[in-house]
file query-v6.csv (CSV, C-alpha atoms)
chain,number,residue,atom,x,y,z
A,1,MET,CA,0.5,30.9,-24.4
A,2,ARG,CA,-2.0,31.9,-21.7
A,3,SER,CA,-4.1,29.1,-20.4
A,4,GLU,CA,-7.8,29.6,-19.9
A,5,SER,CA,-9.2,29.6,-16.3
A,6,ALA,CA,-11.6,26.8,-15.4
A,7,PRO,CA,-15.3,27.8,-15.1
A,8,ARG,CA,-16.6,28.6,-11.7
A,9,SER,CA,-19.0,25.7,-11.9
A,10,LEU,CA,-16.2,23.3,-12.4
A,11,LYS,CA,-14.2,24.8,-9.5
A,12,LEU,CA,-17.3,24.5,-7.3
A,13,ALA,CA,-17.9,20.9,-8.3
A,14,ALA,CA,-14.3,20.1,-7.6
A,15,GLY,CA,-14.5,21.8,-4.2
A,16,LEU,CA,-17.6,19.9,-3.3
A,17,GLY,CA,-16.1,16.6,-4.3
A,18,LEU,CA,-13.0,17.2,-2.2
A,19,ALA,CA,-15.2,18.2,0.8
A,20,PHE,CA,-17.2,15.1,0.4
A,21,LEU,CA,-14.0,13.0,0.4
A,22,HIS,CA,-12.2,14.7,3.3
A,23,LEU,CA,-14.8,16.0,5.7
A,24,PRO,CA,-15.4,12.5,7.1
A,25,ILE,CA,-11.7,12.2,7.9
A,26,LEU,CA,-11.9,15.5,9.8
A,27,LEU,CA,-14.8,14.1,11.8
A,28,ILE,CA,-12.7,11.1,12.8
A,29,PHE,CA,-10.1,13.5,14.2
A,30,VAL,CA,-12.8,15.5,16.1
A,31,TYR,CA,-14.4,12.4,17.7
A,32,ALA,CA,-11.0,11.2,18.8
A,33,PHE,CA,-11.1,14.1,21.3
A,34,THR,CA,-14.8,13.8,22.3
A,35,SER,CA,-15.6,13.5,26.0
A,36,GLU,CA,-18.7,11.4,25.2
A,37,GLU,CA,-18.1,7.6,25.3
A,38,LYS,CA,-21.3,6.1,24.1
A,39,SER,CA,-22.5,8.3,21.3
A,40,PHE,CA,-21.4,10.6,18.5
A,41,ALA,CA,-23.3,13.7,19.2
A,42,TRP,CA,-22.7,16.8,17.1
A,43,PRO,CA,-21.3,19.1,18.2
A,44,PRO,CA,-19.2,17.1,20.7
A,45,PRO,CA,-20.3,17.9,24.3
A,46,GLY,CA,-16.7,18.4,25.3
A,47,LEU,CA,-13.1,17.7,24.3
A,48,THR,CA,-10.6,15.6,26.2
A,49,LEU,CA,-7.2,13.9,25.7
A,50,LYS,CA,-8.0,10.9,27.9
A,51,TRP,CA,-8.8,8.6,25.1
A,52,PHE,CA,-5.2,8.8,23.9
A,53,ALA,CA,-4.1,7.6,27.3
A,54,VAL,CA,-6.7,4.8,27.2
A,55,THR,CA,-5.6,3.7,23.8
A,56,TRP,CA,-1.9,3.8,24.9
A,57,GLY,CA,-2.8,1.3,27.6
A,58,ARG,CA,-4.8,-1.1,25.5
A,59,ALA,CA,-2.7,-4.2,24.9
A,60,ASP,CA,-5.0,-5.4,22.1
A,61,VAL,CA,-4.4,-2.2,20.2
A,62,TRP,CA,-0.6,-2.6,20.4
A,63,ALA,CA,-0.8,-6.3,19.4
A,64,ALA,CA,-2.9,-5.4,16.3
A,65,LEU,CA,-0.7,-2.5,15.4
A,66,GLY,CA,2.5,-4.6,15.7
A,67,LEU,CA,1.0,-7.4,13.6
A,68,SER,CA,0.0,-4.9,10.9
A,69,LEU,CA,3.4,-3.3,10.8
A,70,LYS,CA,5.1,-6.7,10.7
A,71,VAL,CA,2.9,-8.0,7.9
A,72,ALA,CA,3.2,-4.8,5.8
A,73,ALA,CA,7.0,-4.7,6.1
A,74,ILE,CA,7.5,-8.4,5.1
A,75,SER,CA,4.9,-8.2,2.3
A,76,THR,CA,6.6,-5.1,1.0
A,77,LEU,CA,10.0,-6.7,1.0
A,78,LEU,CA,8.7,-9.8,-0.8
A,79,ALA,CA,6.9,-7.6,-3.3
A,80,MET,CA,9.9,-5.5,-4.1
A,81,LEU,CA,12.0,-8.6,-4.7
A,82,LEU,CA,9.5,-10.6,-6.7
A,83,GLY,CA,8.0,-7.6,-8.5
A,84,SER,CA,11.3,-6.2,-9.7
A,85,LEU,CA,12.6,-9.6,-10.9
A,86,CYS,CA,9.3,-10.2,-12.8
A,87,ALA,CA,9.4,-6.7,-14.3
A,88,ALA,CA,13.0,-7.2,-15.5
A,89,ALA,CA,12.1,-10.5,-17.1
A,90,VAL,CA,9.0,-9.1,-18.9
A,91,ALA,CA,10.5,-5.8,-19.9
A,92,ARG,CA,14.0,-6.8,-20.9
A,93,THR,CA,13.5,-10.2,-22.6
A,94,ARG,CA,11.4,-11.8,-25.3
A,95,PHE,CA,9.8,-15.2,-24.8
A,96,PHE,CA,6.7,-17.1,-25.6
A,97,GLY,CA,3.8,-16.3,-23.3
A,98,ARG,CA,5.3,-13.1,-22.0
A,99,GLU,CA,2.1,-11.1,-22.2
A,100,THR,CA,0.2,-13.9,-20.6
A,101,ILE,CA,2.6,-13.9,-17.6
A,102,SER,CA,2.2,-10.1,-17.4
A,103,LEU,CA,-1.6,-10.5,-17.3
A,104,LEU,CA,-1.4,-13.2,-14.6
A,105,VAL,CA,0.9,-11.0,-12.4
A,106,ILE,CA,-1.5,-8.0,-12.4
A,107,LEU,CA,-4.7,-10.2,-12.2
A,108,PRO,CA,-4.8,-10.4,-8.3
A,109,ILE,CA,-5.3,-6.6,-7.9
A,110,ALA,CA,-8.0,-6.6,-10.7
A,111,LEU,CA,-10.0,-9.4,-9.0
A,112,PRO,CA,-12.4,-8.6,-6.2
A,113,GLY,CA,-10.7,-9.1,-2.8
A,114,VAL,CA,-13.4,-11.6,-1.8
A,115,VAL,CA,-12.4,-13.9,-4.7
A,116,THR,CA,-8.7,-13.6,-3.9
A,117,GLY,CA,-9.4,-14.3,-0.2
A,118,ILE,CA,-11.6,-17.3,-0.8
A,119,ALA,CA,-9.0,-18.7,-3.3
A,120,LEU,CA,-6.2,-18.3,-0.8
A,121,ARG,CA,-8.2,-19.8,2.1
A,122,SER,CA,-9.1,-22.8,-0.1
A,123,ALA,CA,-5.5,-23.3,-1.1
A,124,PHE,CA,-4.3,-23.1,2.5
A,125,SER,CA,-6.9,-25.6,3.6
A,126,LEU,CA,-6.1,-28.0,0.8
A,127,ALA,CA,-2.4,-27.8,1.6
A,128,ASP,CA,-3.1,-28.2,5.3
A,129,ILE,CA,-1.3,-24.9,6.1
A,130,PRO,CA,-2.3,-23.5,9.5
A,131,PHE,CA,-3.3,-19.8,9.6
A,132,SER,CA,-0.5,-17.6,10.9
A,133,THR,CA,1.3,-14.4,10.2
A,134,TRP,CA,2.8,-16.0,7.1
A,135,THR,CA,-0.6,-16.8,5.6
A,136,ILE,CA,-1.5,-13.1,6.0
A,137,VAL,CA,1.9,-12.1,4.4
A,138,LEU,CA,1.3,-14.4,1.4
A,139,GLY,CA,-2.2,-13.0,1.0
A,140,HIS,CA,-0.9,-9.4,1.0
A,141,ALA,CA,2.0,-10.2,-1.2
A,142,THR,CA,-0.3,-11.3,-4.0
A,143,PHE,CA,-1.5,-7.7,-4.6
A,144,CYS,CA,1.6,-5.9,-3.3
A,145,VAL,CA,3.7,-7.5,-6.0
A,146,VAL,CA,1.4,-5.9,-8.6
A,147,ILE,CA,2.1,-2.4,-7.2
A,148,VAL,CA,5.9,-2.9,-7.4
A,149,TYR,CA,5.7,-4.7,-10.8
A,150,ASN,CA,3.7,-1.9,-12.4
A,151,ASN,CA,6.2,0.8,-11.3
A,152,ALA,CA,9.3,-1.3,-12.1
A,153,VAL,CA,8.2,-2.5,-15.5
A,154,ALA,CA,7.3,1.0,-16.6
A,155,ARG,CA,10.8,2.2,-15.6
A,156,PHE,CA,12.5,-0.8,-17.3
A,157,ARG,CA,10.7,0.0,-20.5
A,158,ARG,CA,11.8,3.6,-20.4
A,159,MET,CA,15.5,2.7,-19.6
A,160,HIS,CA,17.5,2.4,-22.8
A,161,GLY,CA,19.0,-1.1,-23.3
A,162,SER,CA,22.3,0.3,-24.5
A,163,LEU,CA,23.1,1.3,-20.9
A,164,THR,CA,23.6,-2.3,-19.8
A,165,GLU,CA,25.3,-3.2,-23.0
A,166,ALA,CA,27.8,-0.3,-22.6
A,167,SER,CA,28.4,-1.4,-19.0
A,168,MET,CA,29.3,-4.9,-20.1
A,169,ASP,CA,31.4,-3.7,-23.0
A,170,LEU,CA,33.4,-1.6,-20.5
A,171,GLY,CA,34.3,-4.6,-18.5
A,172,ALA,CA,31.6,-4.6,-15.7
A,173,ASP,CA,30.3,-8.0,-14.6
A,174,LEU,CA,26.6,-8.7,-14.0
A,175,PHE,CA,26.6,-7.6,-10.4
A,176,GLN,CA,28.5,-4.4,-11.1
A,177,THR,CA,26.0,-3.6,-13.9
A,178,LEU,CA,23.2,-4.3,-11.5
A,179,ARG,CA,24.6,-2.1,-8.7
A,180,PHE,CA,25.9,0.9,-10.7
A,181,VAL,CA,23.6,1.0,-13.8
A,182,ILE,CA,20.3,-0.8,-13.3
A,183,LEU,CA,19.5,-0.1,-9.6
A,184,PRO,CA,20.2,3.7,-9.8
A,185,ASN,CA,17.8,3.9,-12.8
A,186,ILE,CA,15.0,1.9,-11.2
A,187,ALA,CA,15.6,3.0,-7.5
A,188,THR,CA,12.8,5.6,-7.4
A,189,ALA,CA,10.3,3.2,-9.0
A,190,LEU,CA,11.1,0.5,-6.5
A,191,VAL,CA,10.9,2.9,-3.5
A,192,VAL,CA,7.6,4.3,-4.8
A,193,GLY,CA,6.2,0.8,-5.4
A,194,GLY,CA,7.3,-0.2,-1.9
A,195,MET,CA,5.7,2.8,-0.3
A,196,LEU,CA,2.4,2.2,-2.0
A,197,ALA,CA,2.6,-1.5,-1.3
A,198,PHE,CA,3.2,-0.9,2.4
A,199,ALA,CA,0.3,1.5,2.7
A,200,LEU,CA,-2.0,-0.9,0.8
A,201,SER,CA,-1.0,-3.8,3.0
A,202,PHE,CA,-1.4,-1.9,6.2
A,203,ASP,CA,-5.0,-1.0,5.3
A,204,GLU,CA,-6.1,-4.3,3.9
A,205,VAL,CA,-9.2,-5.9,5.3
A,206,ILE,CA,-10.9,-8.3,2.9
A,207,VAL,CA,-8.0,-10.6,2.0
A,208,THR,CA,-6.9,-10.5,5.6
A,209,THR,CA,-10.3,-11.7,6.8
A,210,PHE,CA,-9.8,-14.9,4.9
A,211,THR,CA,-6.2,-15.5,5.7
A,212,ALA,CA,-5.7,-14.4,9.3
A,213,GLY,CA,-7.5,-17.1,11.3
A,214,GLN,CA,-7.9,-15.9,14.9
A,215,GLN,CA,-5.3,-13.1,14.5
A,216,GLN,CA,-6.2,-9.4,14.3
A,217,THR,CA,-4.4,-6.8,12.2
A,218,LEU,CA,-5.3,-3.2,13.0
A,219,PRO,CA,-8.0,-2.8,10.3
A,220,ILE,CA,-9.6,-6.1,11.4
A,221,TRP,CA,-9.5,-4.9,15.0
A,222,MET,CA,-11.2,-1.6,14.0
A,223,LEU,CA,-13.9,-3.5,12.1
A,224,GLU,CA,-14.7,-5.6,15.1
A,225,GLU,CA,-14.7,-2.6,17.4
A,226,LEU,CA,-17.2,-0.9,15.2
A,227,VAL,CA,-19.5,-3.9,15.5
A,228,ARG,CA,-19.0,-4.5,19.2
A,229,PRO,CA,-17.4,-1.4,20.6
A,230,ARG,CA,-15.9,-1.3,24.1
A,231,GLU,CA,-14.9,2.4,24.0
A,232,ARG,CA,-16.0,4.1,20.8
A,233,PRO,CA,-13.5,7.1,20.9
A,234,VAL,CA,-10.6,4.6,21.0
A,235,THR,CA,-11.6,3.4,17.6
A,236,ASN,CA,-11.3,7.0,16.3
A,237,VAL,CA,-7.9,7.4,17.9
A,238,VAL,CA,-6.7,4.2,16.2
A,239,ALA,CA,-8.2,5.5,12.9
A,240,MET,CA,-6.0,8.6,13.4
A,241,VAL,CA,-3.0,6.3,13.8
A,242,VAL,CA,-3.8,4.5,10.6
A,243,PHE,CA,-4.1,7.8,8.8
A,244,VAL,CA,-0.8,9.0,10.2
A,245,VAL,CA,1.0,5.8,9.2
A,246,THR,CA,-0.4,5.5,5.7
A,247,LEU,CA,-0.2,9.1,4.6
A,248,PRO,CA,3.6,9.6,4.5
A,249,PRO,CA,4.2,6.7,2.1
A,250,ILE,CA,1.5,8.0,-0.2
A,251,LEU,CA,2.9,11.6,-0.1
A,252,GLY,CA,6.5,10.2,-0.4
A,253,ALA,CA,5.4,8.2,-3.5
A,254,TRP,CA,3.9,11.3,-5.0
A,255,LEU,CA,6.9,13.4,-4.4
A,256,LEU,CA,9.3,10.8,-5.7
A,257,THR,CA,7.4,10.4,-9.0
A,258,ARG,CA,7.3,14.1,-9.8
A,259,GLY,CA,9.6,15.0,-12.7
A,260,THR,CA,10.5,11.4,-13.5
A,261,ASP,CA,9.2,11.3,-17.0
A,262,THR,CA,12.8,10.5,-18.1
A,263,VAL,CA,15.5,8.4,-16.5
A,264,ALA,CA,19.2,8.6,-16.2
A,265,GLY,CA,20.9,7.9,-19.5
A,266,HIS,CA,17.8,8.7,-21.5
A,267,GLY,CA,17.3,12.4,-21.5
A,268,LYS,CA,18.0,13.2,-17.9
call {"tool": "encode", "arguments": {"input": "query-v6.csv", "output": "C-alpha coordinates"}}
result
Amino acid sequence: MRSESAPRSLKLAAGLGLAFLHLPILLIFVYAFTSEEKSFAWPPPGLTLKWFAVTWGRADVWAALGLSLKVAAISTLLAMLLGSLCAAAVARTRFFGRETISLLVILPIALPGVVTGIALRSAFSLADIPFSTWTIVLGHATFCVVIVYNNAVARFRRMHGSLTEASMDLGADLFQTLRFVILPNIATALVVGGMLAFALSFDEVIVTTFTAGQQQTLPIWMLEELVRPRERPVTNVVAMVVFVVTLPPILGAWLLTRGTDTVAGHGK
(Lines of atoms letter the chains of each structure in order from A and count residues from 1; the text may use other names and numbers.)
(Lines give C-alpha, C1' and ligand atoms only; values in the text may rest on other atoms or scores of the structure.)
Protein backbone atom coordinates (compact mmCIF):
# COMPACT_ATOMS: atom_id res chain seq x y z
CA MET A 1 0.00 0.00 0.00
CA ARG A 2 1.41 3.35 -1.01
CA SER A 3 1.65 5.90 1.77
CA GLU A 4 0.63 9.51 1.12
CA SER A 5 3.32 12.19 1.16
CA ALA A 6 3.12 14.80 3.90
CA PRO A 7 1.83 18.25 2.86
CA ARG A 8 4.44 20.87 2.05
CA SER A 9 3.21 23.09 4.85
CA LEU A 10 3.82 20.29 7.36
CA LYS A 11 7.32 19.70 5.98
CA LEU A 12 8.06 23.42 6.16
CA ALA A 13 6.81 23.61 9.74
CA ALA A 14 8.93 20.61 10.71
CA GLY A 15 11.99 22.16 9.05
CA LEU A 16 11.47 25.47 10.86
CA GLY A 17 11.06 23.67 14.15
CA LEU A 18 14.28 21.72 13.66
CA ALA A 19 16.12 24.90 12.65
CA PHE A 20 14.85 26.69 15.76
CA LEU A 21 16.15 23.83 17.94
CA HIS A 22 19.53 23.29 16.30
CA LEU A 23 20.75 26.64 14.97
CA PRO A 24 21.68 27.84 18.50
CA ILE A 25 23.91 24.78 18.83
CA LEU A 26 25.67 25.71 15.59
CA LEU A 27 26.19 29.23 16.93
CA ILE A 28 27.93 27.79 19.99
CA PHE A 29 30.33 25.95 17.69
CA VAL A 30 31.01 29.10 15.67
CA TYR A 31 31.66 31.30 18.72
CA ALA A 32 34.09 28.71 20.09
CA PHE A 33 36.39 29.76 17.23
CA THR A 34 35.82 33.52 17.38
CA SER A 35 38.81 35.81 17.80
CA GLU A 36 36.76 38.34 19.78
CA GLU A 37 36.98 37.85 23.55
CA LYS A 38 34.51 40.34 25.00
CA SER A 39 31.48 40.26 22.72
CA PHE A 40 29.53 38.00 20.41
CA ALA A 41 29.46 40.04 17.21
CA TRP A 42 27.88 38.55 14.10
CA PRO A 43 29.49 37.64 11.88
CA PRO A 44 32.56 36.86 14.00
CA PRO A 45 35.38 39.31 13.24
CA GLY A 46 37.80 36.42 12.83
CA LEU A 47 38.38 32.77 13.56
CA THR A 48 41.08 31.25 15.77
CA LEU A 49 41.98 28.04 17.58
CA LYS A 50 43.63 29.76 20.54
CA TRP A 51 40.64 29.30 22.85
CA PHE A 52 41.05 25.54 22.67
CA ALA A 53 44.59 25.93 23.98
CA VAL A 54 43.38 28.36 26.66
CA THR A 55 40.65 25.93 27.73
CA TRP A 56 43.17 23.06 27.82
CA GLY A 57 45.28 25.05 30.26
CA ARG A 58 42.46 26.04 32.60
CA ALA A 59 42.69 23.92 35.76
CA ASP A 60 39.17 24.89 36.84
CA VAL A 61 37.74 23.42 33.64
CA TRP A 62 39.53 20.11 34.17
CA ALA A 63 38.41 19.95 37.81
CA ALA A 64 34.77 20.58 36.85
CA LEU A 65 34.92 18.08 33.98
CA GLY A 66 36.48 15.41 36.17
CA LEU A 67 33.85 15.88 38.87
CA SER A 68 31.02 15.70 36.34
CA LEU A 69 32.37 12.48 34.81
CA LYS A 70 32.90 10.93 38.25
CA VAL A 71 29.42 11.82 39.48
CA ALA A 72 27.75 10.68 36.26
CA ALA A 73 29.60 7.35 36.26
CA ILE A 74 28.80 6.51 39.90
CA SER A 75 25.20 7.71 39.60
CA THR A 76 24.71 5.58 36.50
CA LEU A 77 26.09 2.45 38.18
CA LEU A 78 23.84 2.97 41.21
CA ALA A 79 20.87 3.60 38.94
CA MET A 80 21.50 0.45 36.90
CA LEU A 81 21.71 -1.67 40.05
CA LEU A 82 18.77 -0.20 41.95
CA GLY A 83 16.62 0.42 38.89
CA SER A 84 16.95 -3.12 37.57
CA LEU A 85 16.27 -4.70 40.98
CA CYS A 86 13.20 -2.54 41.51
CA ALA A 87 11.97 -3.27 37.99
CA ALA A 88 12.35 -7.02 38.58
CA ALA A 89 10.38 -6.81 41.82
CA VAL A 90 7.56 -4.76 40.31
CA ALA A 91 7.28 -6.63 37.00
CA ARG A 92 7.81 -10.22 38.10
CA THR A 93 6.02 -10.40 41.46
CA ARG A 94 2.62 -9.55 42.93
CA PHE A 95 2.33 -7.88 46.32
CA PHE A 96 0.23 -5.29 48.14
CA GLY A 97 1.20 -1.71 47.27
CA ARG A 98 3.09 -2.63 44.11
CA GLU A 99 1.61 0.17 42.02
CA THR A 100 2.23 2.66 44.81
CA ILE A 101 5.90 1.70 44.91
CA SER A 102 6.09 2.04 41.13
CA LEU A 103 4.63 5.55 41.40
CA LEU A 104 7.07 6.53 44.15
CA VAL A 105 10.02 5.32 42.06
CA ILE A 106 9.13 7.48 39.06
CA LEU A 107 8.00 10.49 41.13
CA PRO A 108 11.42 12.22 41.39
CA ILE A 109 11.64 12.76 37.63
CA ALA A 110 8.06 14.05 37.51
CA LEU A 111 8.65 16.62 40.25
CA PRO A 112 10.29 19.97 39.44
CA GLY A 113 14.04 19.84 40.00
CA VAL A 114 13.78 22.71 42.48
CA VAL A 115 11.48 20.66 44.70
CA THR A 116 13.79 17.64 44.59
CA GLY A 117 16.83 19.82 45.25
CA ILE A 118 15.29 21.57 48.24
CA ALA A 119 14.07 18.27 49.68
CA LEU A 120 17.52 16.69 49.38
CA ARG A 121 19.26 19.74 50.84
CA SER A 122 16.88 19.74 53.80
CA ALA A 123 17.42 16.02 54.34
CA PHE A 124 21.21 16.39 54.26
CA SER A 125 21.05 19.30 56.69
CA LEU A 126 18.78 17.44 59.13
CA ALA A 127 21.04 14.38 58.99
CA ASP A 128 24.10 16.62 59.41
CA ILE A 129 25.65 15.21 56.22
CA PRO A 130 28.34 17.54 54.80
CA PHE A 131 28.09 18.40 51.13
CA SER A 132 30.51 16.38 49.03
CA THR A 133 30.74 14.37 45.84
CA TRP A 134 28.51 11.75 47.43
CA THR A 135 25.67 14.19 48.10
CA ILE A 136 25.74 15.11 44.41
CA VAL A 137 25.73 11.41 43.49
CA LEU A 138 22.73 10.73 45.74
CA GLY A 139 20.90 13.67 44.23
CA HIS A 140 21.55 12.50 40.68
CA ALA A 141 20.72 8.90 41.50
CA THR A 142 17.17 9.90 42.48
CA PHE A 143 16.26 10.64 38.86
CA CYS A 144 18.78 8.35 37.13
CA VAL A 145 17.10 5.37 38.79
CA VAL A 146 13.86 6.35 37.09
CA ILE A 147 15.45 6.24 33.63
CA VAL A 148 16.84 2.74 34.16
CA TYR A 149 13.67 1.55 35.91
CA ASN A 150 11.39 2.63 33.06
CA ASN A 151 13.51 0.79 30.48
CA ALA A 152 14.00 -2.33 32.58
CA VAL A 153 10.40 -2.71 33.76
CA ALA A 154 9.13 -2.45 30.17
CA ARG A 155 11.54 -5.19 29.09
CA PHE A 156 10.67 -7.42 32.06
CA ARG A 157 6.98 -7.14 31.25
CA ARG A 158 7.63 -8.19 27.64
CA MET A 159 9.82 -11.13 28.64
CA HIS A 160 7.79 -14.30 28.97
CA GLY A 161 7.85 -15.77 32.48
CA SER A 162 8.12 -19.30 31.12
CA LEU A 163 11.77 -18.63 30.19
CA THR A 164 12.90 -18.52 33.82
CA GLU A 165 10.63 -21.42 34.72
CA ALA A 166 12.11 -23.54 31.93
CA SER A 167 15.62 -22.65 33.07
CA MET A 168 14.87 -23.79 36.61
CA ASP A 169 13.18 -26.98 35.35
CA LEU A 170 16.31 -27.82 33.35
CA GLY A 171 18.46 -27.68 36.48
CA ALA A 172 19.85 -24.14 36.43
CA ASP A 173 20.21 -22.41 39.77
CA LEU A 174 19.28 -18.80 40.46
CA PHE A 175 22.62 -17.31 39.38
CA GLN A 176 22.78 -19.39 36.18
CA THR A 177 19.25 -18.30 35.28
CA LEU A 178 20.22 -14.69 35.95
CA ARG A 179 23.39 -14.93 33.86
CA PHE A 180 22.18 -16.97 30.89
CA VAL A 181 18.47 -16.10 30.64
CA ILE A 182 17.51 -12.87 32.39
CA LEU A 183 20.53 -10.67 31.71
CA PRO A 184 20.72 -11.42 27.95
CA ASN A 185 17.05 -10.46 27.65
CA ILE A 186 17.28 -7.19 29.55
CA ALA A 187 20.85 -6.24 28.57
CA THR A 188 19.95 -3.70 25.89
CA ALA A 189 17.34 -2.11 28.16
CA LEU A 190 19.93 -1.71 30.93
CA VAL A 191 22.56 -0.33 28.55
CA VAL A 192 20.10 2.15 27.06
CA GLY A 193 18.92 3.20 30.51
CA GLY A 194 22.52 3.60 31.64
CA MET A 195 23.44 5.71 28.61
CA LEU A 196 20.50 8.05 29.08
CA ALA A 197 21.11 8.25 32.83
CA PHE A 198 24.77 9.18 32.23
CA ALA A 199 23.81 11.92 29.78
CA LEU A 200 21.13 13.27 32.12
CA SER A 201 23.49 13.27 35.11
CA PHE A 202 26.30 14.92 33.19
CA ASP A 203 23.99 17.80 32.17
CA GLU A 204 22.16 18.27 35.49
CA VAL A 205 22.13 21.78 36.96
CA ILE A 206 19.17 22.37 39.28
CA VAL A 207 19.51 19.42 41.69
CA THR A 208 23.30 19.83 41.64
CA THR A 209 22.95 23.46 42.75
CA PHE A 210 21.29 22.33 45.99
CA THR A 211 23.53 19.34 46.71
CA ALA A 212 27.03 20.38 45.62
CA GLY A 213 28.01 22.84 48.31
CA GLN A 214 31.14 24.66 47.12
CA GLN A 215 31.97 22.09 44.41
CA GLN A 216 31.43 22.79 40.74
CA THR A 217 30.36 20.29 38.16
CA LEU A 218 30.82 21.33 34.54
CA PRO A 219 27.25 22.66 34.04
CA ILE A 220 27.53 24.68 37.28
CA TRP A 221 30.89 26.03 36.13
CA MET A 222 29.35 27.07 32.80
CA LEU A 223 26.45 28.78 34.55
CA GLU A 224 28.78 30.85 36.73
CA GLU A 225 30.98 31.69 33.75
CA LEU A 226 27.97 33.07 31.91
CA VAL A 227 27.17 35.31 34.88
CA ARG A 228 30.75 36.43 35.60
CA PRO A 229 32.79 35.51 32.50
CA ARG A 230 36.57 35.55 32.48
CA GLU A 231 37.00 34.56 28.85
CA ARG A 232 33.70 34.21 27.01
CA PRO A 233 34.85 31.93 24.16
CA VAL A 234 36.12 29.38 26.71
CA THR A 235 32.52 28.84 27.79
CA ASN A 236 31.59 27.99 24.20
CA VAL A 237 34.50 25.56 23.92
CA VAL A 238 33.33 23.82 27.09
CA ALA A 239 29.76 23.76 25.72
CA MET A 240 31.14 21.90 22.70
CA VAL A 241 32.71 19.38 25.06
CA VAL A 242 29.38 18.86 26.81
CA PHE A 243 27.73 18.31 23.45
CA VAL A 244 30.41 15.84 22.36
CA VAL A 245 30.20 13.91 25.64
CA THR A 246 26.41 13.67 25.84
CA LEU A 247 25.56 13.06 22.17
CA PRO A 248 27.09 9.54 21.81
CA PRO A 249 25.08 8.04 24.72
CA ILE A 250 21.87 9.45 23.29
CA LEU A 251 22.64 8.21 19.77
CA GLY A 252 23.74 4.85 21.18
CA ALA A 253 20.49 4.54 23.11
CA TRP A 254 18.53 5.30 19.96
CA LEU A 255 20.46 2.75 17.92
CA LEU A 256 20.12 0.05 20.56
CA THR A 257 16.36 0.50 20.89
CA ARG A 258 15.68 0.18 17.18
CA GLY A 259 14.02 -3.11 16.33
CA THR A 260 13.61 -4.24 19.95
CA ASP A 261 9.83 -4.54 19.93
CA THR A 262 10.30 -8.18 20.79
CA VAL A 263 12.78 -9.95 23.03
CA ALA A 264 14.61 -13.23 22.90
CA GLY A 265 12.28 -16.12 23.57
CA HIS A 266 9.19 -14.13 22.69
CA GLY A 267 9.05 -13.75 18.93
CA LYS A 268 12.73 -12.95 18.27
call {"tool": "closest_residue", "arguments": {"input": "query-v6.csv", "among": "A:Thr48, A:Asn150, A:Ser102, A:Ser9", "to": "Ala197 (chain A)", "atoms": "all atoms listed in the file"}}
result
A:Asn150
call {"tool": "atom_distance", "arguments": {"input": "query-v6.csv", "atom1": "CA of Leu78 (chain A)", "atom2": "CA of Met222 (chain A)"}}
result
26.1 Å
call {"tool": "closest_residue", "arguments": {"input": "query-v6.csv", "among": "A:Phe143, A:Phe156, A:Phe20, A:Trp51", "to": "Pro233 (chain A)", "atoms": "all atoms listed in the file"}}
result
A:Trp51
call {"tool": "atom_distance", "arguments": {"input": "query-v6.csv", "atom1": "CA of Leu104 (chain A)", "atom2": "CA of Thr116 (chain A)"}}
result
13.0 Å
call {"tool": "residues_around", "arguments": {"input": "query-v6.csv", "residues": "Val105 (chain A)", "least_positions_apart": "4", "cutoff": "12 Å", "atoms": "all atoms listed in the file", "output": "list in words"}}
result
Ala79, Leu82, Gly83, Ser84, Leu85, Cys86, Ala87, Val90, Arg98, Glu99, Thr100, Ile101, Ile109, Ala110, Leu111, Ala141, Thr142, Phe143, Cys144, Val145, Val146, Ile147, Val148, Tyr149, Asn150 and Val153 of chain A
call {"tool": "closest_residue", "arguments": {"input": "query-v6.csv", "among": "A:Asp60, A:Ser132, A:Thr76, A:Arg121", "to": "Glu225 (chain A)", "atoms": "all atoms listed in the file"}}
result
A:Asp60
call {"tool": "closest_residue", "arguments": {"input": "query-v6.csv", "among": "A:Ala212, A:Val238, A:Leu10, A:Leu18", "to": "Phe131 (chain A)", "atoms": "all atoms listed in the file"}}
result
A:Ala212
call {"tool": "residues_around", "arguments": {"input": "query-v6.csv", "residues": "region 190-196 of chain A", "least_positions_apart": "2", "cutoff": "10 Å", "atoms": "all atoms listed in the file", "output": "PyMOL selection string"}}
result
chain A and resi 72-73+75-81+83-84+144-153+155+183+185-188+198-202+246-257
call {"tool": "atom_distance", "arguments": {"input": "query-v6.csv", "atom1": "CA of Leu226 (chain A)", "atom2": "CA of Met240 (chain A)"}}
result
14.8 Å
call {"tool": "build_atoms", "arguments": {"input": "query-v6.csv", "residues": "region 124-137 of chain A", "atoms": "N, CA and C atoms", "output": "CSV table (one decimal), in the coordinates of the input"}}
result
chain,number,residue,atom,x,y,z
A,124,PHE,N,-4.9,-22.8,1.2
A,124,PHE,CA,-4.3,-23.1,2.5
A,124,PHE,C,-4.9,-24.3,3.2
A,125,SER,N,-6.2,-24.4,3.0
A,125,SER,CA,-6.9,-25.6,3.6
A,125,SER,C,-6.5,-26.9,2.9
A,126,LEU,N,-6.5,-26.8,1.6
A,126,LEU,CA,-6.1,-28.0,0.8
A,126,LEU,C,-4.7,-28.5,1.1
A,127,ALA,N,-3.8,-27.5,1.3
A,127,ALA,CA,-2.4,-27.8,1.6
A,127,ALA,C,-2.1,-28.0,3.1
A,128,ASP,N,-3.2,-28.0,3.9
A,128,ASP,CA,-3.1,-28.2,5.3
A,128,ASP,C,-2.1,-27.2,6.0
A,129,ILE,N,-2.2,-26.0,5.5
A,129,ILE,CA,-1.3,-24.9,6.1
A,129,ILE,C,-2.1,-24.2,7.2
A,130,PRO,N,-1.6,-24.2,8.4
A,130,PRO,CA,-2.3,-23.5,9.5
A,130,PRO,C,-2.3,-22.0,9.3
A,131,PHE,N,-3.3,-21.3,9.7
A,131,PHE,CA,-3.3,-19.8,9.6
A,131,PHE,C,-2.4,-19.2,10.6
A,132,SER,N,-1.6,-18.3,10.1
A,132,SER,CA,-0.5,-17.6,10.9
A,132,SER,C,-0.2,-16.3,10.3
A,133,THR,N,0.8,-15.7,10.8
A,133,THR,CA,1.3,-14.4,10.2
A,133,THR,C,1.7,-14.6,8.8
A,134,TRP,N,2.3,-15.8,8.5
A,134,TRP,CA,2.8,-16.0,7.1
A,134,TRP,C,1.7,-16.2,6.1
A,135,THR,N,0.5,-16.7,6.5
A,135,THR,CA,-0.6,-16.8,5.6
A,135,THR,C,-1.1,-15.4,5.3
A,136,ILE,N,-1.1,-14.5,6.2
A,136,ILE,CA,-1.5,-13.1,6.0
A,136,ILE,C,-0.5,-12.5,5.0
A,137,VAL,N,0.8,-12.7,5.3
A,137,VAL,CA,1.9,-12.1,4.4
A,137,VAL,C,1.7,-12.6,3.0
